[in-house]
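Have a look at protein.csv; it's CSV, C-alpha atoms:
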chain,number,residue,atom,x,y,z
O,1,MET,CA,95.9,-32.7,-15.5
O,2,PRO,CA,98.9,-32.5,-13.1
O,3,GLU,CA,102.3,-32.0,-14.7
O,4,SER,CA,104.7,-34.9,-15.3
O,5,GLY,CA,106.4,-35.8,-12.0
O,6,TYR,CA,103.5,-34.6,-9.9
O,7,HIS,CA,103.4,-38.0,-8.1
O,8,ASP,CA,107.1,-38.3,-7.7
O,9,HIS,CA,108.1,-35.3,-5.6
O,10,LEU,CA,110.7,-35.9,-2.9
O,11,ARG,CA,109.7,-32.9,-0.7
O,12,PRO,CA,113.0,-32.3,1.2
O,13,GLU,CA,111.4,-29.2,2.8
O,14,LEU,CA,109.1,-31.5,4.6
O,15,LEU,CA,111.5,-34.3,5.4
O,16,ARG,CA,113.6,-32.0,7.5
O,17,HIS,CA,110.8,-32.0,10.1
O,18,PHE,CA,110.8,-35.8,10.2
O,19,PRO,CA,111.3,-37.2,13.8
O,20,GLN,CA,114.3,-39.5,13.4
O,21,GLY,CA,113.0,-41.9,16.1
O,22,ALA,CA,109.8,-42.6,14.1
O,23,ARG,CA,109.6,-46.2,12.9
O,24,ARG,CA,106.0,-46.7,11.6
O,25,ILE,CA,105.3,-44.0,9.0
O,26,LEU,CA,102.2,-43.2,6.9
O,27,ASP,CA,102.2,-41.0,3.8
O,28,VAL,CA,98.7,-39.9,2.9
O,29,GLY,CA,98.6,-39.1,-0.8
O,30,CYS,CA,101.9,-40.8,-1.2
O,31,GLY,CA,102.0,-40.6,-5.0
O,32,GLU,CA,104.7,-42.9,-6.2
O,33,GLY,CA,106.2,-43.2,-2.8
O,34,ALA,CA,109.1,-40.8,-3.5
O,35,LEU,CA,109.0,-39.3,0.0
O,36,SER,CA,110.3,-42.5,1.4
O,37,LEU,CA,113.4,-42.2,-0.7
O,38,GLY,CA,114.6,-39.3,1.4
O,39,LEU,CA,114.5,-41.3,4.7
O,40,ASP,CA,117.5,-43.1,6.0
O,41,ASP,CA,117.7,-46.5,7.6
O,42,LEU,CA,114.7,-47.7,5.6
O,43,GLN,CA,115.2,-51.4,6.6
O,44,SER,CA,114.2,-50.5,10.2
O,45,ARG,CA,111.1,-48.6,9.2
O,46,GLU,CA,107.5,-49.7,8.4
O,47,LEU,CA,106.3,-47.6,5.5
O,48,TRP,CA,102.6,-47.2,4.6
O,49,GLY,CA,100.9,-45.1,2.0
O,50,ILE,CA,97.4,-44.1,0.7
O,51,GLU,CA,97.1,-43.0,-2.9
O,52,LEU,CA,94.0,-42.2,-5.1
O,53,ASP,CA,95.8,-42.6,-8.4
O,54,ALA,CA,96.1,-46.4,-9.2
O,55,ALA,CA,99.1,-46.0,-11.5
O,56,ALA,CA,101.0,-44.0,-9.0
O,57,ALA,CA,100.0,-46.4,-6.2
O,58,GLN,CA,101.4,-49.3,-8.2
O,59,VAL,CA,104.8,-47.7,-8.3
O,60,ALA,CA,104.5,-46.8,-4.6
O,61,ALA,CA,103.8,-50.5,-3.8
O,62,SER,CA,107.3,-51.3,-5.0
O,63,ARG,CA,108.8,-48.8,-2.5
O,64,LEU,CA,106.6,-49.1,0.6
O,65,ASP,CA,105.5,-52.0,2.8
O,66,LYS,CA,101.8,-51.4,2.3
O,67,VAL,CA,99.8,-49.1,0.0
O,68,LEU,CA,96.0,-48.6,0.2
O,69,VAL,CA,94.5,-47.5,-3.1
O,70,GLY,CA,91.5,-45.1,-3.1
O,71,ASP,CA,90.0,-42.1,-1.3
O,72,ALA,CA,91.9,-41.2,1.9
O,73,ALA,CA,88.8,-40.1,3.7
O,74,ALA,CA,87.2,-43.6,3.2
O,75,LEU,CA,90.4,-45.6,3.7
O,76,VAL,CA,91.6,-43.9,6.9
O,77,ASN,CA,89.1,-46.1,8.9
O,78,GLU,CA,90.9,-49.2,7.7
O,79,LEU,CA,94.2,-48.2,9.3
O,80,PRO,CA,95.3,-49.7,12.6
O,81,ASP,CA,94.6,-47.6,15.7
O,82,ALA,CA,97.4,-45.9,17.7
O,83,HIS,CA,99.9,-47.4,15.2
O,84,PHE,CA,101.9,-44.7,13.4
O,85,ASP,CA,104.8,-42.7,14.9
O,86,CYS,CA,104.7,-40.2,12.0
O,87,VAL,CA,102.1,-39.3,9.4
O,88,PHE,CA,102.7,-37.1,6.4
O,89,CYS,CA,99.6,-35.4,5.1
O,90,ASN,CA,100.9,-33.0,2.4
O,91,ASP,CA,98.6,-31.1,0.1
O,92,ILE,CA,95.7,-33.4,0.9
O,93,LEU,CA,93.3,-31.5,3.3
O,94,GLU,CA,92.3,-29.0,0.7
O,95,HIS,CA,91.0,-31.8,-1.5
O,96,LEU,CA,88.6,-33.3,1.1
O,97,VAL,CA,85.0,-32.6,1.5
O,98,TRP,CA,85.2,-32.9,5.3
O,99,PRO,CA,88.9,-32.4,6.3
O,100,GLU,CA,88.1,-32.0,10.0
O,101,GLU,CA,86.4,-35.3,10.2
O,102,PHE,CA,89.4,-36.9,8.5
O,103,LEU,CA,91.8,-35.2,11.0
O,104,LEU,CA,89.8,-36.5,13.9
O,105,THR,CA,89.9,-40.1,12.6
O,106,LEU,CA,93.6,-39.7,11.7
O,107,ALA,CA,94.4,-38.7,15.3
O,108,THR,CA,93.2,-42.1,16.5
O,109,LYS,CA,95.7,-43.8,14.1
O,110,LEU,CA,98.7,-41.9,15.6
O,111,ALA,CA,100.6,-43.6,18.4
O,112,PRO,CA,100.8,-41.6,21.7
O,113,GLY,CA,103.2,-38.8,21.1
O,114,GLY,CA,103.0,-39.3,17.3
O,115,THR,CA,103.7,-36.5,14.9
O,116,LEU,CA,101.6,-35.3,12.0
O,117,ILE,CA,103.4,-33.3,9.3
O,118,SER,CA,101.0,-31.4,7.0
O,119,SER,CA,101.5,-28.9,4.3
O,120,VAL,CA,98.5,-26.7,3.2
O,121,PRO,CA,98.3,-24.1,0.5
O,122,ASN,CA,98.0,-20.4,1.6
O,123,VAL,CA,95.0,-18.8,-0.1
O,124,ARG,CA,96.2,-15.4,1.3
O,125,HIS,CA,99.2,-15.5,-1.0
O,126,PHE,CA,100.1,-12.1,-2.4
O,127,TRP,CA,99.2,-12.7,-6.0
O,128,THR,CA,96.0,-14.5,-5.2
O,129,VAL,CA,94.9,-11.5,-3.2
O,130,VAL,CA,96.0,-9.1,-5.9
O,131,ASP,CA,94.1,-11.0,-8.6
O,132,LEU,CA,90.9,-11.1,-6.4
O,133,VAL,CA,91.0,-7.5,-5.0
O,134,MET,CA,92.6,-5.5,-7.8
O,135,LYS,CA,91.4,-7.5,-10.9
O,136,GLY,CA,88.3,-9.2,-9.6
O,137,ARG,CA,89.7,-12.6,-10.7
O,138,TRP,CA,89.4,-16.0,-9.1
O,139,ASP,CA,90.7,-18.3,-11.8
O,140,TYR,CA,91.1,-22.0,-11.3
O,141,ALA,CA,94.1,-23.7,-12.8
O,142,ASP,CA,95.5,-27.2,-13.2
O,143,GLU,CA,97.7,-26.9,-10.2
O,144,GLY,CA,98.7,-24.4,-7.4
O,145,ILE,CA,96.6,-22.6,-4.8
O,146,LEU,CA,93.6,-22.4,-7.1
O,147,ASP,CA,93.9,-26.0,-8.3
O,148,ARG,CA,90.5,-26.8,-9.8
O,149,THR,CA,90.4,-30.0,-7.6
O,150,HIS,CA,90.6,-28.0,-4.3
O,151,LEU,CA,87.4,-28.0,-2.3
O,152,ARG,CA,88.7,-26.0,0.7
O,153,PHE,CA,90.8,-22.9,1.1
O,154,TYR,CA,92.8,-21.8,4.1
O,155,THR,CA,94.9,-18.9,5.5
O,156,ARG,CA,97.5,-19.5,8.1
O,157,ALA,CA,95.0,-18.4,10.8
O,158,THR,CA,92.3,-20.8,9.7
O,159,MET,CA,94.8,-23.6,9.3
O,160,ARG,CA,95.7,-23.3,12.9
O,161,GLU,CA,92.1,-23.1,14.0
O,162,MET,CA,91.3,-26.3,12.1
O,163,PHE,CA,94.2,-28.2,13.7
O,164,GLU,CA,93.4,-27.0,17.2
O,165,ARG,CA,89.7,-27.7,16.8
O,166,THR,CA,90.5,-31.3,15.9
O,167,GLY,CA,92.7,-31.8,19.0
O,168,TYR,CA,96.3,-31.4,17.6
O,169,GLN,CA,99.0,-29.5,19.5
O,170,VAL,CA,101.1,-27.3,17.2
O,171,ASP,CA,104.9,-27.9,17.6
O,172,SER,CA,105.9,-25.6,14.8
O,173,VAL,CA,104.8,-23.8,11.6
O,174,GLU,CA,106.9,-22.7,8.7
O,175,GLY,CA,106.2,-20.9,5.5
O,176,LEU,CA,107.2,-22.6,2.3
O,177,ASN,CA,108.2,-21.3,-1.2
O,178,PRO,CA,108.7,-17.6,-0.2
O,179,LEU,CA,107.8,-15.0,-2.8
O,180,GLY,CA,110.8,-13.3,-4.4
O,181,SER,CA,108.8,-10.6,-6.1
O,182,ALA,CA,110.3,-7.1,-5.7
O,183,ARG,CA,106.8,-5.6,-5.6
O,184,PHE,CA,105.9,-7.8,-2.7
O,185,LYS,CA,109.1,-7.0,-0.9
O,186,LEU,CA,108.3,-3.3,-1.2
O,187,PHE,CA,104.7,-3.8,-0.1
O,188,ASN,CA,105.9,-5.9,2.9
O,189,LEU,CA,108.5,-3.2,3.9
O,190,ALA,CA,105.9,-0.4,3.6
O,191,THR,CA,103.5,-2.2,5.9
O,192,LEU,CA,106.3,-3.0,8.4
O,193,GLY,CA,105.9,-6.8,7.8
O,194,PHE,CA,102.2,-6.8,8.8
O,195,PHE,CA,101.3,-8.9,5.7
O,196,ARG,CA,104.4,-11.1,5.8
O,197,GLU,CA,102.4,-14.3,5.7
O,198,MET,CA,101.1,-13.4,2.2
O,199,GLY,CA,104.6,-14.1,1.0
O,200,PHE,CA,104.4,-17.9,1.3
O,201,LEU,CA,102.7,-20.3,-1.1
O,202,GLN,CA,102.2,-23.0,1.6
O,203,TYR,CA,102.6,-23.6,5.3
O,204,VAL,CA,104.0,-26.8,6.8
O,205,TRP,CA,102.7,-27.7,10.3
O,206,VAL,CA,104.3,-30.1,12.7
O,207,LEU,CA,101.7,-31.3,15.1
O,208,ARG,CA,101.3,-33.7,17.9
O,209,ARG,CA,98.4,-36.0,18.8
O,210,GLY,CA,96.6,-34.4,21.8
O,211,SER,CA,96.3,-36.2,25.1
Just dump the structure as structure tokens.
Amino acid sequence: MPESGYHDHLRPELLRHFPQGARRILDVGCGEGALSLGLDDLQSRELWGIELDAAAAQVAASRLDKVLVGDAAALVNELPDAHFDCVFCNDILEHLVWPEEFLLTLATKLAPGGTLISSVPNVRHFWTVVDLVMKGRWDYADEGILDRTHLRFYTRATMREMFERTGYQVDSVEGLNPLGSARFKLFNLATLGFFREMGFLQYVWVLRRGS
């Protein structure tokens, strides 16, 4: 089971990408709605969420204007078309059976020029690769890159391909949670930074709805 507080993360590393002009906002996998607490001028914003966990959704309902409870892949069709200026989709895509179908439908819910902010775990992380290549291990856990509820796994390259195939334009990409390991730093230095992307636990993508 996820650790205590799993549904109540503020995620400031994602909020810094928030377009300040956005007024109608959707948080897919909103947990308890904590992400909204980091936004200013809440009175002028329309805040929606989708959350699978009923208990977390009940808390979110006290913070957001509207919360849909259930599977995001099923509920995305119930959202209004061309409505949202900004959608957060953080640590969600790897849990879906058909993430590309979800992204295609989600694009129709974004207003013209709308922004999608999505964080995705990086399966090419240094320690995941070391465990697989050197130890022959691929051990699932209760959380992290090999969370036992993950159905899909991505590298930075395959993340980009997924977003571009589904019609999104990439504004920016940033590595999150950099690895502080001295062993990795030496490895990265010895390879002239060629494997630098292995040093990030996740990547956050800032995307635009395609024309």
Find the residues around Arg11 (chain O) up to 9 Å (all atoms listed in the file counted), leave out those fewer than 3 positions away in its own chain, and share them as a compact mmCIF listing (two decimals) with C-alpha atoms, keeping the file's coordinate frame.
# COMPACT_ATOMS: atom_id res chain seq x y z
CA LEU O 14 109.10 -31.50 4.60
CA LEU O 15 111.50 -34.30 5.40
CA ALA O 34 109.10 -40.80 -3.50
CA LEU O 35 109.00 -39.30 0.00
CA GLY O 38 114.60 -39.30 1.40
query = Closest to Glu143 (chain O) among O:Pro121, O:Ile25, O:Gly193, O:Leu110, using all atoms listed in the file?
reply =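 When distances to Glu143 (chain O) are compared using all atoms listed in the file, the smallest one comes from O:Pro121.
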message = Report as a ChimeraX atom specification all protein, DNA and RNA residues lying within 10 Å of region 56-73 of chain O, evaluated on all atoms listed in the file, omitting residues in the same chain fewer than 3 positions from it.
response = /O:6-8,25-37,42,45-53,76-79,92-93,96-99,101-103,105-106
Expected file: the selected residues, C-alpha atoms, as a compact mmCIF listing (two decimals), keeping the file's coordinate frame:
# COMPACT_ATOMS: atom_id res chain seq x y z
CA TYR O 6 103.50 -34.60 -9.90
CA HIS O 7 103.40 -38.00 -8.10
CA ASP O 8 107.10 -38.30 -7.70
CA ILE O 25 105.30 -44.00 9.00
CA LEU O 26 102.20 -43.20 6.90
CA ASP O 27 102.20 -41.00 3.80
CA VAL O 28 98.70 -39.90 2.90
CA GLY O 29 98.60 -39.10 -0.80
CA CYS O 30 101.90 -40.80 -1.20
CA GLY O 31 102.00 -40.60 -5.00
CA GLU O 32 104.70 -42.90 -6.20
CA GLY O 33 106.20 -43.20 -2.80
CA ALA O 34 109.10 -40.80 -3.50
CA LEU O 35 109.00 -39.30 0.00
CA SER O 36 110.30 -42.50 1.40
CA LEU O 37 113.40 -42.20 -0.70
CA LEU O 42 114.70 -47.70 5.60
CA ARG O 45 111.10 -48.60 9.20
CA GLU O 46 107.50 -49.70 8.40
CA LEU O 47 106.30 -47.60 5.50
CA TRP O 48 102.60 -47.20 4.60
CA GLY O 49 100.90 -45.10 2.00
CA ILE O 50 97.40 -44.10 0.70
CA GLU O 51 97.10 -43.00 -2.90
CA LEU O 52 94.00 -42.20 -5.10
CA ASP O 53 95.80 -42.60 -8.40
CA VAL O 76 91.60 -43.90 6.90
CA ASN O 77 89.10 -46.10 8.90
CA GLU O 78 90.90 -49.20 7.70
CA LEU O 79 94.20 -48.20 9.30
CA ILE O 92 95.70 -33.40 0.90
CA LEU O 93 93.30 -31.50 3.30
CA LEU O 96 88.60 -33.30 1.10
CA VAL O 97 85.00 -32.60 1.50
CA TRP O 98 85.20 -32.90 5.30
CA PRO O 99 88.90 -32.40 6.30
CA GLU O 101 86.40 -35.30 10.20
CA PHE O 102 89.40 -36.90 8.50
CA LEU O 103 91.80 -35.20 11.00
CA THR O 105 89.90 -40.10 12.60
CA LEU O 106 93.60 -39.70 11.70
request  = With a distance cut-off of 8 Å and all atoms listed in the file, select the neighbouring residues of region 203-209 of chain O, excluding the residue or stretch itself and same-chain residues fewer than 3 positions from it, and output the selection as a list in words.
outcome  =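 Once the adjacent positions are removed, what remains is Leu14, His17, Ala107, Leu110, Ala111, Pro112, Gly113, Gly114, Thr115, Leu116, Ile117, Ser118, Ser119, Val120, Pro121, Asn122, Arg156, Gly167, Tyr168, Gln169, Val170, Asp171, Ser172, Val173, Glu174, Gly175, Leu176 and Phe200 of chain O.
Between CA of Gln20 (chain O) and CA of His83 (chain O) the separation is 16.5 Å.
With CA of Val133 (chain O) on one side and CA of Thr158 (chain O) on the other, the separation reads 19.9 Å.
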ask   = Could you name the residues that touch Ser44 (chain O) at 10 Å or less, counting all atoms listed in the file, but leaving out those on the same chain fewer than 4 positions away, as a list of chain:residue names?
value =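 Result of the neighbour search: O:Ala22, O:Arg23, O:Arg24, O:Asp40.
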Would you mind exporting C-alpha atoms of the selected residues as a PDB file, in the coordinates of the input?
ATOM      1  CA  ALA O  22     109.800 -42.600  14.100  1.00  0.00           C
ATOM      2  CA  ARG O  23     109.600 -46.200  12.900  1.00  0.00           C
ATOM      3  CA  ARG O  24     106.000 -46.700  11.600  1.00  0.00           C
ATOM      4  CA  ASP O  40     117.500 -43.100   6.000  1.00  0.00           C
TER       5      ASP O  40
END
key: One-decimal distance in Å that lies between CA of Glu13 (chain O) and CA of Asn177 (chain O)   = 9.4 Å
query = Excluding same-chain residues fewer than 3 positions from His150 (chain O), what lies within 6 Å of it counting only C-alpha atoms, as a list in words?
reply =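 Non-adjacent residues within range: Glu94, His95 and Asp147 of chain O.
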Please, can region 50-62 of chain O be completed to N, CA and C atoms and returned as a compact mmCIF listing (two decimals), in the coordinates of the input?
# COMPACT_ATOMS: atom_id res chain seq x y z
N ILE O 50 98.78 -44.12 1.32
CA ILE O 50 97.40 -44.10 0.70
C ILE O 50 97.52 -43.24 -0.52
N GLU O 51 96.99 -43.75 -1.63
CA GLU O 51 97.10 -43.00 -2.90
C GLU O 51 95.82 -43.25 -3.73
N LEU O 52 95.24 -42.17 -4.24
CA LEU O 52 94.00 -42.20 -5.10
C LEU O 52 94.31 -42.73 -6.47
N ASP O 53 95.43 -42.29 -7.05
CA ASP O 53 95.80 -42.60 -8.40
C ASP O 53 96.33 -44.07 -8.49
N ALA O 54 95.67 -44.95 -9.22
CA ALA O 54 96.10 -46.40 -9.20
C ALA O 54 97.43 -46.59 -9.82
N ALA O 55 97.77 -45.85 -10.88
CA ALA O 55 99.10 -46.00 -11.50
C ALA O 55 100.20 -45.61 -10.58
N ALA O 56 100.02 -44.47 -9.91
CA ALA O 56 101.00 -44.00 -9.00
C ALA O 56 101.14 -44.98 -7.78
N ALA O 57 99.99 -45.49 -7.32
CA ALA O 57 100.00 -46.40 -6.20
C ALA O 57 100.75 -47.71 -6.54
N GLN O 58 100.68 -48.13 -7.80
CA GLN O 58 101.40 -49.30 -8.20
C GLN O 58 102.90 -49.15 -8.08
N VAL O 59 103.38 -47.95 -8.43
CA VAL O 59 104.80 -47.70 -8.30
C VAL O 59 105.15 -47.59 -6.79
N ALA O 60 104.29 -46.94 -6.01
CA ALA O 60 104.50 -46.80 -4.60
C ALA O 60 104.62 -48.18 -3.90
N ALA O 61 103.84 -49.14 -4.39
CA ALA O 61 103.80 -50.50 -3.80
C ALA O 61 105.19 -51.15 -3.88
N SER O 62 106.01 -50.72 -4.84
CA SER O 62 107.30 -51.30 -5.00
C SER O 62 108.34 -50.64 -4.01
